[in-house]
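Colleague: Just one file: structure31.tsv, with TSV, C-alpha atoms.
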```tsv
chain	number	residue	atom	x	y	z
A	1	VAL	CA	-3.87	19.65	-5.66
A	2	THR	CA	-4.55	23.22	-4.60
A	3	ARG	CA	-0.88	24.20	-4.82
A	4	ALA	CA	-0.62	22.70	-8.29
A	5	LEU	CA	-3.77	24.42	-9.54
A	6	ASP	CA	-2.71	27.76	-8.08
A	7	GLY	CA	0.48	27.40	-10.12
A	8	TYR	CA	-1.41	26.32	-13.27
A	9	LEU	CA	0.33	22.92	-13.06
A	10	LEU	CA	-2.65	20.94	-14.27
A	11	TYR	CA	-0.77	17.71	-14.93
A	12	ASP	CA	0.68	17.67	-11.40
A	13	ALA	CA	-2.78	18.19	-9.91
A	14	ALA	CA	-4.29	15.42	-12.04
A	15	ARG	CA	-1.46	13.05	-11.13
A	16	ALA	CA	-2.01	13.70	-7.41
A	17	LEU	CA	-5.71	12.94	-7.83
A	18	ASN	CA	-4.90	9.77	-9.72
A	19	ASP	CA	-2.56	8.65	-6.93
A	20	LEU	CA	-5.28	9.35	-4.35
A	21	VAL	CA	-7.92	7.29	-6.18
A	22	GLU	CA	-5.41	4.49	-6.80
A	23	SER	CA	-4.51	4.36	-3.11
A	24	LEU	CA	-8.15	4.53	-2.06
A	25	SER	CA	-9.39	1.69	-4.26
A	26	ASN	CA	-6.39	-0.62	-4.39
A	27	TRP	CA	-5.24	-0.24	-0.80
A	28	TYR	CA	-7.67	1.37	1.66
A	29	VAL	CA	-10.90	-0.20	0.39
A	30	ARG	CA	-9.30	-3.57	-0.25
A	31	ARG	CA	-7.57	-3.65	3.15
A	32	SER	CA	-10.82	-2.54	4.87
A	33	ARG	CA	-13.11	-5.17	3.35
A	34	ALA	CA	-13.41	-7.08	6.60
A	35	ARG	CA	-14.66	-3.92	8.35
A	36	PHE	CA	-17.15	-3.13	5.57
A	37	TRP	CA	-18.51	-6.68	5.69
A	38	GLU	CA	-18.91	-6.90	9.46
A	39	ARG	CA	-22.32	-7.89	10.79
A	40	GLY	CA	-24.60	-5.17	12.01
A	41	SER	CA	-26.77	-2.47	10.47
A	42	PHE	CA	-26.75	1.32	10.62
A	43	ALA	CA	-30.55	1.32	10.49
A	44	ASP	CA	-30.97	-0.38	13.85
A	45	GLY	CA	-27.74	0.88	15.42
A	46	THR	CA	-26.06	-2.53	15.58
A	47	ALA	CA	-23.10	-1.60	13.34
A	48	SER	CA	-19.78	-1.86	15.15
A	49	PRO	CA	-17.56	1.23	15.65
A	50	GLU	CA	-15.03	-0.30	13.24
A	51	LYS	CA	-17.64	-0.66	10.51
A	52	ALA	CA	-18.98	2.86	11.15
A	53	ASP	CA	-15.47	4.34	11.02
A	54	ALA	CA	-14.68	2.56	7.76
A	55	TYR	CA	-17.84	3.83	6.06
A	56	ALA	CA	-17.46	7.35	7.48
A	57	THR	CA	-13.88	7.59	6.22
A	58	LEU	CA	-14.79	6.31	2.78
A	59	TYR	CA	-17.72	8.74	2.57
A	60	GLU	CA	-15.55	11.71	3.59
A	61	VAL	CA	-12.92	10.84	1.00
A	62	LEU	CA	-15.43	10.32	-1.82
A	63	VAL	CA	-17.31	13.56	-1.18
A	64	THR	CA	-14.06	15.52	-0.90
A	65	THR	CA	-12.76	13.85	-4.06
A	66	ALA	CA	-15.93	14.87	-5.91
A	67	ARG	CA	-15.12	18.52	-5.16
A	68	LEU	CA	-11.45	18.06	-6.04
A	69	ILE	CA	-12.10	16.49	-9.44
A	70	ALA	CA	-14.87	18.93	-10.42
A	71	PRO	CA	-12.58	21.10	-12.61
A	72	PHE	CA	-11.30	18.00	-14.46
A	73	VAL	CA	-14.35	15.72	-14.91
A	74	PRO	CA	-17.34	18.03	-14.24
A	75	PHE	CA	-20.16	15.65	-15.13
A	76	PHE	CA	-18.78	12.64	-13.24
A	77	ALA	CA	-18.07	14.86	-10.24
A	78	GLU	CA	-21.65	16.12	-10.37
A	79	GLU	CA	-23.00	12.56	-10.46
A	80	LEU	CA	-20.97	11.67	-7.38
A	81	TRP	CA	-22.11	14.79	-5.55
A	82	GLN	CA	-25.79	14.28	-6.31
A	83	ASN	CA	-25.71	10.62	-5.23
A	84	LEU	CA	-23.58	11.02	-2.10
A	85	ALA	CA	-24.33	14.50	-0.82
A	86	ARG	CA	-27.28	16.29	-2.41
A	87	ARG	CA	-29.89	13.52	-2.35
A	88	PRO	CA	-29.20	12.29	1.21
A	89	PHE	CA	-28.72	15.78	2.67
A	90	PRO	CA	-30.58	18.30	0.47
A	91	GLY	CA	-30.88	20.87	3.21
A	92	SER	CA	-27.20	21.10	4.10
A	93	CYS	CA	-25.39	20.58	0.79
A	94	ALA	CA	-24.88	22.86	-2.19
A	95	GLU	CA	-27.28	22.26	-5.06
A	96	SER	CA	-24.35	21.38	-7.33
A	97	VAL	CA	-20.75	20.35	-6.75
A	98	HIS	CA	-19.82	23.35	-8.88
A	99	LEU	CA	-21.53	25.61	-6.34
A	100	ALA	CA	-19.75	23.98	-3.38
A	101	ARG	CA	-16.58	25.44	-1.92
A	102	PHE	CA	-13.32	23.89	-3.07
A	103	PRO	CA	-11.97	21.81	-0.14
A	104	GLU	CA	-9.11	23.12	1.99
A	105	ALA	CA	-6.41	20.81	3.30
A	106	GLU	CA	-6.44	20.27	7.06
A	107	GLN	CA	-2.77	19.60	7.72
A	108	GLU	CA	-3.32	19.09	11.45
A	109	LEU	CA	-5.22	15.89	10.66
A	110	VAL	CA	-2.32	14.33	8.77
A	111	ASP	CA	-0.42	11.65	10.70
A	112	GLU	CA	2.98	11.99	9.04
A	113	GLN	CA	4.47	9.04	10.92
A	114	LEU	CA	1.68	6.68	9.91
A	115	ALA	CA	1.78	7.95	6.33
A	116	ALA	CA	5.53	7.30	6.14
A	117	GLU	CA	5.09	3.81	7.57
A	118	MET	CA	2.37	2.97	5.04
A	119	ARG	CA	4.47	4.27	2.16
A	120	ALA	CA	7.28	1.95	3.25
A	121	VAL	CA	4.89	-0.99	3.66
A	122	ARG	CA	3.29	-0.43	0.26
A	123	GLU	CA	6.66	-0.13	-1.49
A	124	LEU	CA	7.89	-3.37	0.06
A	125	VAL	CA	4.64	-5.15	-0.82
A	126	SER	CA	4.93	-3.87	-4.38
A	127	LEU	CA	8.50	-5.16	-4.60
A	128	GLY	CA	7.43	-8.56	-3.32
A	129	LEU	CA	4.55	-8.77	-5.80
A	130	ASN	CA	6.90	-7.81	-8.62
A	131	VAL	CA	9.18	-10.66	-7.57
A	132	ARG	CA	6.25	-13.06	-7.67
A	133	THR	CA	5.33	-11.86	-11.17
A	134	ALA	CA	8.90	-12.24	-12.40
A	135	GLU	CA	9.09	-15.77	-10.95
A	136	LYS	CA	5.60	-16.65	-12.28
A	137	LEU	CA	4.39	-17.45	-8.77
A	138	ARG	CA	0.68	-16.73	-8.37
A	139	VAL	CA	-0.26	-14.75	-5.27
A	140	ARG	CA	-2.61	-17.57	-4.25
A	141	GLN	CA	0.40	-19.85	-3.83
A	142	PRO	CA	1.70	-19.48	-0.25
A	143	LEU	CA	5.44	-19.18	0.29
A	144	ALA	CA	7.43	-20.03	3.37
A	145	ALA	CA	8.93	-16.63	4.17
A	146	ALA	CA	9.86	-13.14	3.05
A	147	ASP	CA	13.05	-11.55	4.36
A	148	ILE	CA	13.12	-7.75	4.36
A	149	VAL	CA	16.34	-5.78	4.64
A	150	VAL	CA	16.06	-2.10	5.55
A	151	GLY	CA	18.87	0.36	6.06
A	152	ASP	CA	17.99	1.99	9.37
A	153	ALA	CA	16.75	0.83	12.76
A	154	ALA	CA	13.86	3.32	12.91
A	155	THR	CA	12.29	1.97	9.71
A	156	SER	CA	12.80	-1.59	10.93
A	157	ARG	CA	11.00	-0.84	14.20
A	158	ALA	CA	8.13	0.81	12.34
A	159	LEU	CA	7.77	-2.13	9.94
A	160	ALA	CA	7.73	-4.62	12.82
A	161	ALA	CA	4.22	-3.41	13.71
A	162	HIS	CA	3.02	-4.24	10.19
A	163	LYS	CA	4.60	-7.67	9.66
A	164	ASP	CA	1.23	-9.45	9.64
A	165	LEU	CA	-0.11	-7.03	7.03
A	166	ILE	CA	2.94	-7.58	4.79
A	167	ALA	CA	2.71	-11.36	5.24
A	168	GLU	CA	-0.96	-11.32	4.22
A	169	GLU	CA	-0.36	-9.15	1.17
A	170	LEU	CA	2.55	-11.30	-0.05
A	171	ASN	CA	0.90	-14.56	1.07
A	172	VAL	CA	3.91	-15.77	3.03
A	173	GLN	CA	3.89	-17.67	6.30
A	174	GLU	CA	6.56	-15.53	7.94
A	175	VAL	CA	8.10	-12.08	7.52
A	176	ARG	CA	11.58	-11.55	8.93
A	177	LEU	CA	13.25	-8.17	9.26
A	178	LEU	CA	16.99	-8.44	8.71
A	179	ALA	CA	19.73	-5.94	9.50
A	180	PRO	CA	22.05	-4.97	6.62
A	181	GLY	CA	24.54	-7.78	6.06
A	182	GLU	CA	22.35	-10.57	7.41
A	183	GLU	CA	21.09	-11.28	3.89
A	184	ALA	CA	24.61	-12.16	2.64
A	185	GLY	CA	23.73	-15.81	2.10
A	186	LEU	CA	20.55	-14.96	0.21
A	187	VAL	CA	21.47	-12.26	-2.30
A	188	SER	CA	24.38	-10.38	-3.81
A	189	TYR	CA	24.49	-6.79	-5.04
A	190	ALA	CA	26.04	-4.86	-7.89
A	191	LEU	CA	26.31	-1.07	-8.21
A	192	LYS	CA	26.59	0.84	-11.46
A	193	PRO	CA	26.67	4.58	-12.10
A	194	ASN	CA	23.66	6.30	-13.59
A	195	PHE	CA	25.52	7.84	-16.50
A	196	ARG	CA	22.77	10.30	-17.33
A	197	ALA	CA	22.86	11.74	-13.81
A	198	LEU	CA	26.60	11.44	-13.13
A	199	GLY	CA	27.87	12.36	-16.60
A	200	PRO	CA	27.39	16.13	-16.21
A	201	LYS	CA	28.67	15.94	-12.63
A	202	LEU	CA	31.84	13.89	-13.17
A	203	GLY	CA	32.61	14.43	-16.84
A	204	LYS	CA	35.43	12.14	-17.97
A	205	LYS	CA	35.72	10.64	-14.50
A	206	VAL	CA	32.42	8.82	-14.88
A	207	GLN	CA	34.20	5.74	-16.28
A	208	ALA	CA	36.57	5.77	-13.32
A	209	CYS	CA	33.49	5.88	-11.06
A	210	LYS	CA	32.20	2.75	-12.78
A	211	GLU	CA	35.47	0.94	-12.02
A	212	VAL	CA	35.43	2.08	-8.38
A	213	LEU	CA	31.89	0.78	-7.91
A	214	ALA	CA	32.79	-2.53	-9.55
A	215	ARG	CA	35.67	-3.09	-7.09
A	216	ALA	CA	33.82	-1.90	-3.98
A	217	ASP	CA	31.84	-3.93	-1.46
A	218	ALA	CA	28.45	-3.49	-3.12
A	219	GLY	CA	26.53	-4.78	-0.10
A	220	ALA	CA	28.15	-2.32	2.29
A	221	LEU	CA	27.65	0.58	-0.12
A	222	ARG	CA	23.99	-0.33	-0.64
A	223	ALA	CA	23.43	-0.41	3.12
A	224	GLU	CA	25.15	2.97	3.53
A	225	LEU	CA	23.12	4.43	0.68
A	226	ALA	CA	19.91	3.21	2.30
A	227	SER	CA	20.76	4.44	5.80
A	228	ARG	CA	22.52	7.74	5.04
A	229	GLY	CA	21.02	8.63	1.69
A	230	SER	CA	24.40	8.95	-0.03
A	231	ILE	CA	27.84	7.35	-0.33
A	232	VAL	CA	31.29	8.88	-0.65
A	233	LEU	CA	33.62	7.50	-3.32
A	234	GLU	CA	37.27	8.31	-3.95
A	235	ILE	CA	37.64	8.79	-7.69
A	236	GLU	CA	41.11	9.58	-9.01
A	237	GLY	CA	42.11	11.18	-5.73
A	238	GLU	CA	38.90	13.19	-5.33
A	239	ARG	CA	36.16	12.42	-2.78
A	240	VAL	CA	32.77	12.49	-4.49
A	241	THR	CA	29.37	12.24	-2.80
A	242	VAL	CA	26.91	10.13	-4.77
A	243	GLY	CA	23.16	10.07	-4.09
A	244	PRO	CA	20.54	7.37	-4.70
A	245	GLU	CA	19.48	8.89	-8.02
A	246	GLU	CA	23.06	8.73	-9.29
A	247	VAL	CA	23.73	5.03	-8.83
A	248	ALA	CA	21.76	1.93	-9.82
A	249	VAL	CA	21.64	-1.02	-7.43
A	250	SER	CA	20.85	-4.47	-8.83
A	251	VAL	CA	19.99	-7.47	-6.65
A	252	GLU	CA	20.74	-11.05	-7.60
A	253	ALA	CA	19.25	-13.84	-5.48
A	254	LYS	CA	20.89	-17.14	-4.69
A	255	GLU	CA	19.26	-20.45	-5.65
A	256	GLY	CA	15.94	-21.00	-3.89
A	257	PHE	CA	15.32	-17.29	-3.45
A	258	ALA	CA	14.10	-14.35	-5.53
A	259	ALA	CA	14.60	-10.70	-4.68
A	260	ALA	CA	14.10	-7.09	-5.66
A	261	GLY	CA	15.27	-3.83	-4.13
A	262	GLY	CA	13.93	-0.30	-3.85
A	263	ARG	CA	14.41	2.87	-1.85
A	264	THR	CA	12.96	1.45	1.35
A	265	GLY	CA	14.80	-1.85	1.28
A	266	VAL	CA	15.20	-5.27	-0.27
A	267	VAL	CA	12.59	-8.03	-0.31
A	268	VAL	CA	13.79	-11.62	-0.56
A	269	LEU	CA	11.17	-14.32	-1.12
A	270	HIS	CA	11.82	-17.97	-0.27
A	271	VAL	CA	10.47	-19.49	-3.48
A	272	ALA	CA	11.17	-23.20	-2.86
A	273	LEU	CA	7.84	-25.04	-2.56
A	274	THR	CA	7.22	-27.96	-0.22
A	275	GLU	CA	4.35	-30.41	-0.58
A	276	GLU	CA	2.57	-28.65	2.29
A	277	LEU	CA	2.85	-25.28	0.55
A	278	ARG	CA	1.59	-26.75	-2.72
A	279	ALA	CA	-1.41	-28.22	-0.88
A	280	LEU	CA	-2.18	-24.84	0.69
A	281	GLY	CA	-2.01	-23.31	-2.78
A	282	LEU	CA	-4.61	-25.79	-4.01
A	283	VAL	CA	-6.87	-24.84	-1.09
A	284	ARG	CA	-6.60	-21.16	-2.06
A	285	GLU	CA	-7.46	-22.04	-5.68
A	286	GLU	CA	-10.53	-23.99	-4.53
A	287	LEU	CA	-11.68	-21.10	-2.32
A	288	SER	CA	-11.34	-18.76	-5.29
A	289	ARG	CA	-13.55	-21.00	-7.42
A	290	ILE	CA	-16.16	-21.19	-4.66
A	291	GLN	CA	-16.20	-17.39	-4.44
A	292	ASP	CA	-16.66	-17.21	-8.23
A	293	GLN	CA	-19.65	-19.56	-7.94
A	294	ARG	CA	-21.14	-17.37	-5.19
A	295	LYS	CA	-20.74	-14.36	-7.47
A	296	ASP	CA	-22.36	-16.19	-10.42
A	297	GLN	CA	-25.34	-17.08	-8.20
A	298	ARG	CA	-25.55	-13.48	-6.94
A	299	ILE	CA	-24.96	-14.50	-3.34
A	300	GLY	CA	-24.06	-11.44	-1.28
A	301	VAL	CA	-20.81	-11.27	0.61
A	302	SER	CA	-22.66	-11.02	3.93
A	303	ASP	CA	-25.01	-13.95	3.14
A	304	ARG	CA	-24.23	-16.75	5.55
A	305	SER	CA	-26.85	-19.34	4.62
```
Could you express the structure from this file as structure tokens?

Modeller:
Amino acid sequence: VTRALDGYLLYDAARALNDLVESLSNWYVRRSRARFWERGSFADGTASPEKADAYATLYEVLVTTARLIAPFVPFFAEELWQNLARRPFPGSCAESVHLARFPEAEQELVDEQLAAEMRAVRELVSLGLNVRTAEKLRVRQPLAAADIVVGDAATSRALAAHKDLIAEELNVQEVRLLAPGEEAGLVSYALKPNFRALGPKLGKKVQACKEVLARADAGALRAELASRGSIVLEIEGERVTVGPEEVAVSVEAKEGFAAAGGRTGVVVLHVALTEELRALGLVREELSRIQDQRKDQRIGVSDRS
């Protein structure tokens, strides 16, 4: 945000802030609900370290966000600041968010490896949810399995630590990580040139590129594109390097499966429903209705009786 504002790139700064708030509300807060709802109180010191960490992190992000958004939404930022910082800590906080120092990024606190892993996890979850939407399968309906195909061993090892998280988000009973090629019986691929990107680069040879891609082993090229970041094609006697932005990869699932692909990999959902899976789906629907009744009766999440 600071770099964008220093360069007068207001849209870029606003977009970064939007992405932050989206990630905070639709991923961090949602994934941390169990920690927020844990038993224990801060007043009597019985709150667990996990609960304390969750609240401390959320507080830090909200107060920092209030300072970041001050130039864009001054009155809302001020409301946040007064409620979260000024009223609780009048002696140590600026009187107004507009009198507080603009925050400075602390790069040494950024865990790049964890951030990369979470980006991959979130992209794969998004792909899986898009598949569910396309197949008109509600998230409450459990599925047997999700097969994930990634192009490199390092990403596969990193995702292995988050299989339970992915399974919970996609509501599947099992997540399997497949090496490129192991999904041959589940999906097929097709590659087509991105004419807008390749047209200026190849000129009249762009049609020849289309024919080369149509004849090639699309699965092998997709795996190479995912692992190396580019593929080399021989077009009319010339070797041409093609990047991921210059070729479109489509995924077609076999019967009983549904799939979608992205930069990180391909997600294949097993969409066939057994009687047991249908029954589990009914249980999830009933739980949802019970939760709605609790909400209508203003029963708190932490109320146990």

Colleague: Select, from A:Met118, A:Val268, A:Val251, A:Val125, the residue with the minimum atom-to-atom distance to Leu177 of chain A, counting all atoms listed in the file.

Modeller: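 For Leu177 of chain A, the nearest of the given residues is A:Val268.
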
Colleague: Of the candidates A:Gly128, A:Pro74, A:Gly7, A:Gly185, which one gets nearest to Val267 of chain A if we count all atoms listed in the file?

Modeller: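 With all atoms listed in the file as the atom set, the closest residue is A:Gly128.
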
Colleague: Tell me which protein, DNA and RNA residues are within 12 Å of segment 198-201 of chain A, counting all atoms listed in the file, leaving out same-chain ones fewer than 4 positions away, and put them as an MDAnalysis selection string.

Modeller: chainID A and resid 192:194 205:210 240:248

Colleague: May I ask for the distance between atom CA of Ala145 of chain A and atom CA of Glu174 of chain A, given in Å to one decimal place?

Modeller: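 Taking atom CA of Ala145 of chain A as the start and atom CA of Glu174 of chain A as the end point, the length is 4.6 Å.
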
Colleague: If I put a ball of radius 9 Å at (1.1, -12.8, -5.3) in the file's coordinates, which residues poke into it when counting only C-alpha atoms, written as a compact mmCIF listing (two decimals) with C-alpha atoms, keeping the file's coordinate frame?

Modeller:
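Final output, part-v9.txt:
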```txt
# COMPACT_ATOMS: atom_id res chain seq x y z
CA GLY A 128 7.43 -8.56 -3.32
CA LEU A 129 4.55 -8.77 -5.80
CA ASN A 130 6.90 -7.81 -8.62
CA VAL A 131 9.18 -10.66 -7.57
CA ARG A 132 6.25 -13.06 -7.67
CA THR A 133 5.33 -11.86 -11.17
CA LEU A 137 4.39 -17.45 -8.77
CA ARG A 138 0.68 -16.73 -8.37
CA VAL A 139 -0.26 -14.75 -5.27
CA ARG A 140 -2.61 -17.57 -4.25
CA GLN A 141 0.40 -19.85 -3.83
CA PRO A 142 1.70 -19.48 -0.25
CA GLU A 169 -0.36 -9.15 1.17
CA LEU A 170 2.55 -11.30 -0.05
CA ASN A 171 0.90 -14.56 1.07
```
